[in-house]
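> For reference, the file start.txt (compact mmCIF, C-alpha atoms and all ligand atoms) is included below:
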# COMPACT_ATOMS: atom_id res chain seq x y z
CA MET A 1 -16.37 138.33 230.96
CA ILE A 2 -12.72 137.60 230.30
CA ALA A 3 -9.77 139.82 229.55
CA ALA A 4 -8.28 137.80 226.70
CA PHE A 5 -9.90 136.45 223.57
CA ALA A 6 -11.12 132.86 223.77
CA ALA A 7 -9.39 130.27 221.59
CA TYR A 8 -10.58 128.13 218.71
CA ASP A 9 -9.57 124.47 218.50
CA CYS A 10 -9.73 122.60 215.20
CA PRO A 11 -10.94 119.01 215.76
CA ALA A 12 -9.43 117.92 212.41
CA CYS A 13 -5.90 119.34 212.29
CA GLY A 14 -5.39 120.32 215.92
CA MET A 15 -4.69 123.99 215.20
CA THR A 16 -5.41 126.44 218.05
CA VAL A 17 -5.90 130.14 217.31
CA PRO A 18 -7.25 133.06 219.30
CA ALA A 19 -10.81 134.10 218.44
CA ASP A 20 -9.61 137.64 217.79
CA ARG A 21 -10.88 137.97 214.21
CA PRO A 22 -13.88 136.82 212.19
CA ARG A 23 -13.63 133.11 211.37
CA TRP A 24 -16.22 130.49 210.62
CA HIS A 25 -13.93 127.58 209.71
CA CYS A 26 -10.35 126.40 209.99
CA ALA A 27 -7.79 126.91 207.24
CA CYS A 28 -7.94 123.12 206.74
CA GLY A 29 -11.65 123.34 205.90
CA SER A 30 -12.98 121.81 209.13
CA HIS A 31 -15.35 123.54 211.52
CA LEU A 32 -13.80 125.03 214.66
CA ASN A 33 -14.79 124.52 218.29
CA LEU A 34 -14.24 126.84 221.23
CA ALA A 35 -11.72 125.62 223.79
CA PRO A 36 -13.38 124.51 227.05
CA GLY A 37 -14.61 127.45 229.11
CA ASP A 38 -14.16 128.24 232.80
CA GLY A 39 -17.87 128.27 233.58
CA LEU A 40 -19.00 129.91 236.80
CA VAL A 41 -20.07 129.21 240.35
CA ARG A 42 -23.55 130.17 241.50
CA GLY A 43 -22.32 133.27 243.33
CA GLU A 44 -21.22 134.72 240.01
CA ILE A 45 -24.73 134.73 238.53
CA ASP A 46 -26.07 138.25 238.00
CA GLY A 47 -29.46 137.64 239.58
CA GLY A 48 -30.78 141.08 238.66
CA GLU A 49 -30.55 140.32 234.94
CA ALA A 50 -33.65 138.51 233.65
CA SER A 51 -31.98 137.19 230.50
CA LEU A 52 -29.18 134.83 229.55
CA TRP A 53 -26.79 137.69 230.36
CA ARG A 54 -27.15 136.73 234.03
CA TYR A 55 -24.48 134.11 233.09
CA ARG A 56 -22.18 136.62 231.42
CA ALA A 57 -19.33 135.59 233.74
CA ALA A 58 -19.29 132.23 231.93
CA LEU A 59 -19.40 133.58 228.38
CA ALA A 60 -16.30 133.78 226.19
CA LEU A 61 -16.81 137.43 225.29
CA LYS A 62 -14.40 140.25 226.00
CA GLY A 63 -16.85 142.95 226.96
CA PRO A 64 -20.47 143.58 227.93
CA ALA A 65 -23.24 142.82 225.44
CA ARG A 66 -23.62 145.43 222.71
CA VAL A 67 -26.89 144.02 221.43
CA SER A 68 -29.63 142.18 223.33
CA LEU A 69 -33.38 141.76 222.98
CA GLY A 70 -33.78 140.26 226.46
CA GLU A 71 -33.20 136.68 225.24
CA GLY A 72 -33.11 133.77 227.65
CA TRP A 73 -34.52 133.21 231.15
CA THR A 74 -37.48 131.57 229.44
CA PRO A 75 -40.25 129.94 231.52
CA LEU A 76 -39.94 126.38 232.80
CA VAL A 77 -43.46 125.05 233.40
CA GLU A 78 -44.56 121.72 234.80
CA ARG A 79 -47.36 119.72 233.15
CA SER A 80 -48.54 116.10 233.12
CA TRP A 81 -47.58 114.07 230.09
CA ALA A 82 -48.19 110.32 229.64
CA GLY A 83 -48.47 109.82 233.40
CA ALA A 84 -45.36 111.79 234.33
CA ARG A 85 -44.77 115.32 235.59
CA VAL A 86 -42.56 116.96 232.99
CA HIS A 87 -40.80 120.33 233.00
CA PHE A 88 -41.33 122.04 229.65
CA LYS A 89 -38.76 124.67 228.77
CA LEU A 90 -40.46 127.32 226.69
CA GLU A 91 -37.70 128.37 224.34
CA SER A 92 -40.59 129.30 222.06
CA GLN A 93 -40.89 132.47 224.17
CA MET A 94 -37.66 134.00 222.88
CA PRO A 95 -37.71 137.38 221.10
CA THR A 96 -38.04 135.77 217.64
CA GLY A 97 -40.06 132.76 218.80
CA SER A 98 -37.36 130.11 218.75
CA PHE A 99 -34.40 128.89 220.81
CA LYS A 100 -32.00 130.21 218.17
CA ASP A 101 -31.86 133.60 219.88
CA ARG A 102 -29.59 132.19 222.61
CA GLY A 103 -26.96 131.27 220.06
CA THR A 104 -27.50 134.27 217.83
CA ALA A 105 -27.22 136.84 220.61
CA VAL A 106 -23.87 135.53 221.85
CA MET A 107 -22.50 134.88 218.35
CA LEU A 108 -23.45 138.33 217.10
CA ASN A 109 -21.93 140.03 220.14
CA HIS A 110 -18.68 138.18 219.48
CA LEU A 111 -18.77 139.16 215.78
CA LEU A 112 -19.30 142.80 216.75
CA GLU A 113 -16.31 142.55 219.11
CA VAL A 114 -14.08 141.38 216.26
CA GLY A 115 -15.27 144.08 213.89
CA VAL A 116 -17.83 142.36 211.67
CA GLY A 117 -20.05 145.00 210.07
CA ARG A 118 -22.24 143.01 207.69
CA VAL A 119 -23.44 139.39 207.80
CA HIS A 120 -25.10 136.76 205.67
CA GLU A 121 -26.39 133.30 206.42
CA ASP A 122 -28.35 130.46 204.88
CA SER A 123 -31.35 129.08 206.72
CA SER A 124 -34.66 127.44 206.08
CA GLY A 125 -36.36 129.47 208.75
CA ASN A 126 -35.84 130.08 212.45
CA ALA A 127 -32.10 130.75 212.43
CA GLY A 128 -32.48 133.13 209.51
CA ALA A 129 -35.25 134.99 211.31
CA SER A 130 -33.12 135.15 214.46
CA ILE A 131 -29.97 136.44 212.76
CA ALA A 132 -31.90 138.94 210.63
CA THR A 133 -33.63 140.27 213.74
CA TYR A 134 -30.44 140.62 215.80
CA ALA A 135 -28.59 142.20 212.86
CA ALA A 136 -31.40 144.75 212.69
CA ALA A 137 -31.13 145.37 216.44
CA ALA A 138 -27.36 145.82 216.06
CA GLY A 139 -27.83 148.11 213.08
CA ILE A 140 -25.78 146.02 210.65
CA PRO A 141 -26.84 144.91 207.14
CA CYS A 142 -27.90 141.29 206.72
CA ARG A 143 -28.69 139.00 203.81
CA ILE A 144 -30.40 135.61 204.30
CA TYR A 145 -30.39 132.86 201.66
CA VAL A 146 -33.49 130.71 201.93
CA PRO A 147 -34.88 127.80 199.92
CA ALA A 148 -37.58 128.93 197.49
CA THR A 149 -39.84 126.51 199.40
CA ALA A 150 -39.11 127.91 202.91
CA PRO A 151 -42.15 128.32 205.22
CA ARG A 152 -43.78 131.63 204.34
CA GLY A 153 -44.22 132.86 207.91
CA LYS A 154 -40.49 132.55 208.57
CA VAL A 155 -39.53 134.31 205.31
CA VAL A 156 -41.93 137.15 206.16
CA GLN A 157 -40.27 137.43 209.58
CA ILE A 158 -36.84 137.70 207.95
CA ALA A 159 -38.05 140.32 205.47
CA ALA A 160 -39.79 142.37 208.16
CA SER A 161 -36.44 142.92 209.89
CA GLY A 162 -35.21 144.70 206.79
CA ALA A 163 -32.82 141.90 205.80
CA GLU A 164 -32.34 141.11 202.14
CA VAL A 165 -34.01 137.76 201.35
CA CYS A 166 -32.45 135.69 198.56
CA ALA A 167 -34.72 132.80 197.59
CA ILE A 168 -32.71 130.01 195.96
CA PRO A 169 -34.43 127.32 193.89
CA GLY A 170 -33.37 123.69 194.22
CA SER A 171 -32.09 121.73 197.20
CA ARG A 172 -31.17 122.98 200.69
CA GLN A 173 -27.56 122.29 199.70
CA ALA A 174 -27.93 124.72 196.77
CA VAL A 175 -28.92 127.40 199.30
CA THR A 176 -25.81 126.76 201.38
CA GLU A 177 -23.63 126.90 198.27
CA ALA A 178 -25.14 130.25 197.30
CA ALA A 179 -24.31 131.61 200.76
CA LEU A 180 -20.76 130.23 200.59
CA ALA A 181 -20.25 131.84 197.18
CA ALA A 182 -21.32 135.27 198.46
CA ALA A 183 -18.30 137.50 198.05
CA GLY A 184 -17.33 140.90 199.38
CA ASP A 185 -17.01 142.19 202.90
CA SER A 186 -19.96 140.29 204.36
CA PHE A 187 -19.21 137.64 207.01
CA TYR A 188 -20.77 134.17 206.74
CA ALA A 189 -22.49 134.15 210.14
CA SER A 190 -23.53 130.53 209.93
CA HIS A 191 -25.24 129.28 213.07
CA ASN A 192 -24.22 125.76 212.06
CA TRP A 193 -20.51 126.54 211.69
CA GLN A 194 -19.62 129.45 214.01
CA PRO A 195 -18.92 127.97 217.49
CA PHE A 196 -19.97 131.08 219.41
CA PHE A 197 -23.52 130.00 218.56
CA ILE A 198 -22.97 127.00 220.87
CA GLU A 199 -21.43 129.31 223.45
CA GLY A 200 -24.89 130.91 223.51
CA THR A 201 -26.94 127.72 223.60
CA LYS A 202 -24.89 126.52 226.58
CA THR A 203 -26.80 129.00 228.74
CA LEU A 204 -29.74 126.59 228.45
CA ALA A 205 -27.82 124.26 230.79
CA TYR A 206 -27.18 127.04 233.31
CA GLU A 207 -30.81 128.12 233.21
CA LEU A 208 -32.27 124.66 233.75
CA TRP A 209 -29.88 124.06 236.63
CA GLU A 210 -30.80 127.35 238.30
CA GLN A 211 -34.56 127.15 237.62
CA LEU A 212 -34.71 123.65 239.11
CA GLY A 213 -33.17 125.03 242.31
CA PHE A 214 -29.55 124.30 241.39
CA VAL A 215 -30.44 120.71 240.66
CA VAL A 216 -29.49 118.71 237.58
CA PRO A 217 -32.43 117.00 235.84
CA ASP A 218 -32.24 113.27 235.17
CA ALA A 219 -33.09 113.55 231.48
CA ILE A 220 -33.41 116.31 228.88
CA LEU A 221 -35.16 115.77 225.54
CA VAL A 222 -34.42 118.16 222.67
CA PRO A 223 -35.66 118.29 219.07
CA THR A 224 -32.40 117.95 217.14
CA GLY A 225 -31.35 118.88 213.62
CA TYR A 226 -27.71 120.04 213.67
CA GLY A 227 -27.49 119.53 217.42
CA SER A 228 -26.59 123.01 218.70
CA ASN A 229 -28.75 122.55 221.82
CA ILE A 230 -27.22 119.13 222.57
CA LEU A 231 -23.74 120.62 222.23
CA GLY A 232 -24.71 123.66 224.28
CA LEU A 233 -26.10 121.47 227.08
CA GLU A 234 -22.97 119.31 227.00
CA ARG A 235 -20.74 122.39 227.19
CA GLY A 236 -22.74 124.09 229.95
CA PHE A 237 -23.05 121.04 232.21
CA ASP A 238 -19.42 120.17 231.59
CA GLU A 239 -18.39 123.61 232.85
CA LEU A 240 -20.60 123.31 235.93
CA HIS A 241 -19.20 119.85 236.59
CA ARG A 242 -15.60 121.02 236.36
CA ARG A 243 -16.37 123.96 238.67
CA GLY A 244 -17.75 121.53 241.26
CA GLU A 245 -21.27 122.98 241.11
CA ILE A 246 -22.85 119.70 240.02
CA ALA A 247 -21.95 116.11 240.87
CA HIS A 248 -23.37 114.39 237.81
CA ARG A 249 -24.63 115.16 234.32
CA PRO A 250 -28.13 114.72 232.85
CA ARG A 251 -28.92 112.15 230.19
CA LEU A 252 -29.42 113.90 226.86
CA PHE A 253 -31.90 112.58 224.29
CA ALA A 254 -31.86 113.91 220.73
CA VAL A 255 -35.32 113.84 219.19
CA GLN A 256 -35.53 113.52 215.42
CA ALA A 257 -38.21 113.08 212.77
CA ALA A 258 -37.82 109.47 211.59
CA ASN A 259 -38.15 110.61 207.97
CA CYS A 260 -34.94 112.65 208.21
CA ALA A 261 -32.84 111.33 211.09
CA ALA A 262 -29.09 111.56 210.61
CA PHE A 263 -28.27 110.88 214.27
CA ALA A 264 -30.72 107.99 214.53
CA ALA A 265 -29.06 106.41 211.47
CA ALA A 266 -25.60 106.67 213.06
CA TRP A 267 -26.85 105.62 216.51
CA ALA A 268 -28.54 102.49 215.09
CA VAL A 269 -25.19 101.15 213.89
CA ALA A 270 -23.19 102.48 216.86
CA ALA A 271 -21.21 104.73 214.52
CA GLU A 272 -19.00 107.46 215.98
CA ASP A 273 -19.55 109.77 213.01
CA TYR A 274 -22.02 110.56 210.26
CA VAL A 275 -23.27 107.67 208.14
CA PRO A 276 -25.13 108.28 204.86
CA PHE A 277 -28.87 107.69 204.98
CA ALA A 278 -31.89 108.28 202.74
CA PRO A 279 -33.72 111.45 203.88
CA GLY A 280 -37.43 111.86 203.24
CA PRO A 281 -39.86 114.76 203.70
CA THR A 282 -41.08 115.73 207.18
CA VAL A 283 -43.42 118.34 208.58
CA ALA A 284 -40.73 118.99 211.24
CA ASP A 285 -38.83 121.33 208.90
CA GLY A 286 -36.64 122.79 211.66
CA ILE A 287 -34.84 119.47 212.25
CA ALA A 288 -34.78 118.12 208.68
CA THR A 289 -30.98 118.14 208.61
CA VAL A 290 -29.30 115.90 206.05
CA LYS A 291 -25.66 116.50 206.99
CA PRO A 292 -24.97 117.86 210.51
CA VAL A 293 -21.66 119.75 210.69
CA ARG A 294 -20.66 118.43 214.14
CA ALA A 295 -22.06 114.89 213.88
CA ARG A 296 -19.12 113.35 215.73
CA GLU A 297 -19.33 115.79 218.63
CA VAL A 298 -23.11 115.39 219.00
CA LEU A 299 -22.92 111.59 218.98
CA ALA A 300 -20.12 111.70 221.56
CA ALA A 301 -22.13 114.02 223.81
CA LEU A 302 -25.17 111.72 223.67
CA ARG A 303 -23.03 108.69 224.43
CA ARG A 304 -21.15 110.37 227.29
CA SER A 305 -24.45 111.41 228.86
CA ARG A 306 -25.81 107.82 228.63
CA GLY A 307 -28.73 109.23 226.66
CA GLY A 308 -29.73 108.41 223.14
CA VAL A 309 -31.67 109.24 219.99
CA VAL A 310 -35.43 108.95 219.51
CA ALA A 311 -36.79 108.87 215.93
CA VAL A 312 -40.41 109.99 215.86
CA PRO A 313 -42.69 108.60 213.11
CA GLU A 314 -44.39 111.28 211.03
CA ALA A 315 -47.83 110.07 212.13
CA ASP A 316 -47.03 110.82 215.79
CA ILE A 317 -46.33 114.53 215.25
CA ALA A 318 -49.87 115.91 214.75
CA PRO A 319 -51.32 114.11 217.83
CA ALA A 320 -48.44 115.43 219.95
CA LEU A 321 -48.97 118.94 218.64
CA SER A 322 -52.66 118.70 219.44
CA ALA A 323 -51.91 117.40 222.96
CA PHE A 324 -49.54 120.31 223.57
CA GLY A 325 -52.20 122.77 222.41
CA ARG A 326 -54.60 121.33 224.98
CA LEU A 327 -52.01 121.93 227.71
CA GLY A 328 -51.76 125.58 226.70
CA LEU A 329 -48.50 125.05 224.86
CA TYR A 330 -48.76 126.20 221.24
CA VAL A 331 -45.68 124.93 219.43
CA GLU A 332 -44.54 124.39 215.86
CA PRO A 333 -44.47 120.82 214.45
CA THR A 334 -40.70 120.59 214.93
CA ALA A 335 -41.09 121.20 218.67
CA ALA A 336 -44.07 118.81 218.91
CA THR A 337 -41.76 115.88 218.12
CA VAL A 338 -40.48 116.09 221.70
CA GLY A 339 -43.92 115.12 223.03
CA ALA A 340 -44.04 112.00 220.89
CA ALA A 341 -40.52 111.13 222.06
CA LEU A 342 -41.50 111.63 225.71
CA SER A 343 -44.34 109.12 225.32
CA ARG A 344 -42.01 106.60 223.71
CA LEU A 345 -39.27 106.88 226.35
CA LEU A 346 -41.79 106.65 229.20
CA ASP A 347 -43.61 103.68 227.61
CA ALA A 348 -40.33 101.86 227.12
CA GLY A 349 -39.22 102.58 230.69
CA THR A 350 -36.07 104.28 229.41
CA ILE A 351 -37.02 107.20 231.63
CA GLY A 352 -39.24 106.91 234.70
CA PRO A 353 -42.27 108.99 235.73
CA HIS A 354 -40.64 109.90 239.07
CA GLN A 355 -37.49 111.27 237.52
CA THR A 356 -36.86 114.95 236.86
CA ILE A 357 -37.53 115.23 233.15
CA VAL A 358 -37.11 118.31 230.96
CA ALA A 359 -38.49 118.62 227.43
CA VAL A 360 -37.34 121.60 225.39
CA LEU A 361 -40.00 123.31 223.25
CA THR A 362 -37.84 124.92 220.61
CA GLY A 363 -40.24 126.96 218.46
CA HIS A 364 -43.56 128.79 218.69
CA GLY A 365 -46.72 127.69 216.90
CA LEU A 366 -47.21 131.20 215.52
CA LYS A 367 -44.27 130.41 213.23
CA ALA A 368 -46.19 127.74 211.37
CA ALA A 369 -49.91 128.53 211.43
CA ASP A 370 -50.50 127.29 207.85
CA LYS A 371 -48.80 123.97 208.47
CA ILE A 372 -50.57 123.46 211.82
CA ALA A 373 -53.93 124.21 210.20
CA GLU A 374 -53.22 121.49 207.67
CA LEU A 375 -52.03 118.99 210.31
CA LEU A 376 -55.00 119.49 212.62
CA GLY A 377 -57.59 119.96 209.89
CA VAL A 378 -58.50 123.44 211.15
ZN ZN B 401 -8.03 122.52 210.94
What would the structure in this file look like if it were written as structure tokens?


Amino acid sequence: MIAAFAAYDCPACGMTVPADRPRWHCACGSHLNLAPGDGLVRGEIDGGEASLWRYRAALALKGPARVSLGEGWTPLVERSWAGARVHFKLESQMPTGSFKDRGTAVMLNHLLEVGVGRVHEDSSGNAGASIATYAAAAGIPCRIYVPATAPRGKVVQIAASGAEVCAIPGSRQAVTEAALAAAGDSFYASHNWQPFFIEGTKTLAYELWEQLGFVVPDAILVPTGYGSNILGLERGFDELHRRGEIAHRPRLFAVQAANCAAFAAAWAVAAEDYVPFAPGPTVADGIATVKPVRAREVLAALRRSRGGVVAVPEADIAPALSAFGRLGLYVEPTAATVGAALSRLLDAGTIGPHQTIVAVLTGHGLKAADKIAELLGV
């Protein structure tokens, strides 16, 4: 907890402004990032708090949390995978069943601090469900724009929170444009634009470090669409590094569905920023991102960590999902991609079986029962 408001930095025009009012982009049109944080040392962890709020000392909020559903402090369980012992981080066990709650909880608490009283957002699923749920918990009205083709289970979850659901026909881009055009006093609480979302996902770094006994893993694999977990891990480990709590940083691997892999396309040509590519359909709907907002930052984080990008063929997703199920880990197809990526990195020797490996399971299988039934022929 800090006395002053944190600051926004614009990566395009260099403007710096205090985060003392609702903003989701810079006046120049670019996204904004939060200035580097102070982090914490291990003695500042609130060990009595079994949620991400145990790291409140490192969060760029002015006051205590006004809304929480007990998010964070998710289990880290060890299982065998492709001949290696792997730590699986069960972000699927968040209040709404996906990792998004880390980002949403911190972002929404910031928005409440700066007086936001009504929010809207566009999402194809998990983020919409997360924001709708936390808006309900905070007692503020919420409207979620979804594609007309969004997975039914996720739309039902949004509607059950009392949020207004606006189904938009056409492309995912048409959904975003509908949300951008929404007028009035509602704030565009976009998890892809608002940087306090990444301030929340950074607690994943703190948690892994603490749960491994204040040890940094060698490699972390994360299903990646827009890259908020990659950026959160980068931010969290960077803070710990600067505070002298860790001596080195983990390698970060972004896992994508090969059919829709913006970062793989850029990585393949060693590009520093987004390069156009031809997206196709994938069962991993949660990471089917055509145009990531912070492509440059995500690619830089992967490069700095000496990690990389793994593009998983569509045919590998169902077998991985099935293998997870048999380990007692019921995940949605998006999260199953990480299993296929693990096998590939271990086979190639990019990561070794004796290293400390973490794979992040981002979403629960209960989110996608229809799709899983189809994939597994149930
Ligand atoms: Zn700017």

> Each residue of chain A with at least one atom at most 6 Å from ligand ZN 401 (chain B) should appear once, together with its nearest atom pair and the corresponding distance in Å (one decimal); atoms considered: all atoms listed in the file; ordering: chain, then increasing residue number; output as a tab-separated table.


residue	atom	partner	partner_atom	distance
A:Cys10	CA	B:ZN401	ZN	4.6
A:Ala12	CA	B:ZN401	ZN	5.0
A:Cys13	CA	B:ZN401	ZN	4.1
A:Met15	CA	B:ZN401	ZN	5.6
A:Cys26	CA	B:ZN401	ZN	4.6
A:Ala27	CA	B:ZN401	ZN	5.7
A:Cys28	CA	B:ZN401	ZN	4.2
A:Ser30	CA	B:ZN401	ZN	5.3

> Mind pulling up the distance from atom CA of Pro95 of chain A to atom CA of Ile158 of chain A?

13.2 Å

> Just the number, please: distance in Å from atom CA of Gly363 of chain A to atom CA of Ala129 of chain A, one decimal.

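Atom-to-atom, atom CA of Gly363 of chain A and atom CA of Ala129 of chain A are spaced 11.9 Å apart.
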
> Tell me, as a list of chain:residue names, which residues lie within 8 Å of segment 52-55 of chain A, counting all atoms listed in the file; anything in the same chain fewer than 5 positions away does not count.

A:Leu40, A:Glu44, A:Ile45, A:Asp46, A:Gly47, A:Ala65, A:Gly70, A:Glu71, A:Gly72, A:Trp73, A:Arg102, A:Thr203, A:Tyr206, A:Glu207

> Which of these residues is nearest to Gln355 of chain A, using all atoms listed in the file: A:Ala318, A:Ala295, A:Val216, A:Val165?

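The shortest atom-to-atom distance to Gln355 of chain A comes from A:Val216.
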
> Atom CA of Pro353 of chain A to atom CA of Glu239 of chain A: how many Å, to one decimal?

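Separation of atom CA of Pro353 of chain A and atom CA of Glu239 of chain A: 28.1 Å.
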
> Can you sort out the box for segment 174-177 of chain A, edges along x, y and z, all listed atoms in, 5 Å on every side, with centre and edge lengths in Å to one decimal, as lines of an AutoDock Vina configuration file?


center_x = -26.3
center_y = 126.1
center_z = 199.1
size_x = 15.3
size_y = 12.7
size_z = 14.6

> Name the closest residue to Gly115 of chain A among the candidates A:Pro151, A:Pro333, A:Gly308, A:Pro22; distances are taken between atoms, counting all atoms listed in the file.

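Once distances to Gly115 of chain A are computed over all atoms listed in the file, the minimum belongs to A:Pro22.
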
> Considering all atoms listed in the file, state which residue in the set A:Glu272, A:Gly328, A:Leu208, A:Ser190 is at the smallest distance from Lys89 of chain A.

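Using all atoms listed in the file, Lys89 of chain A sits closest to A:Leu208.
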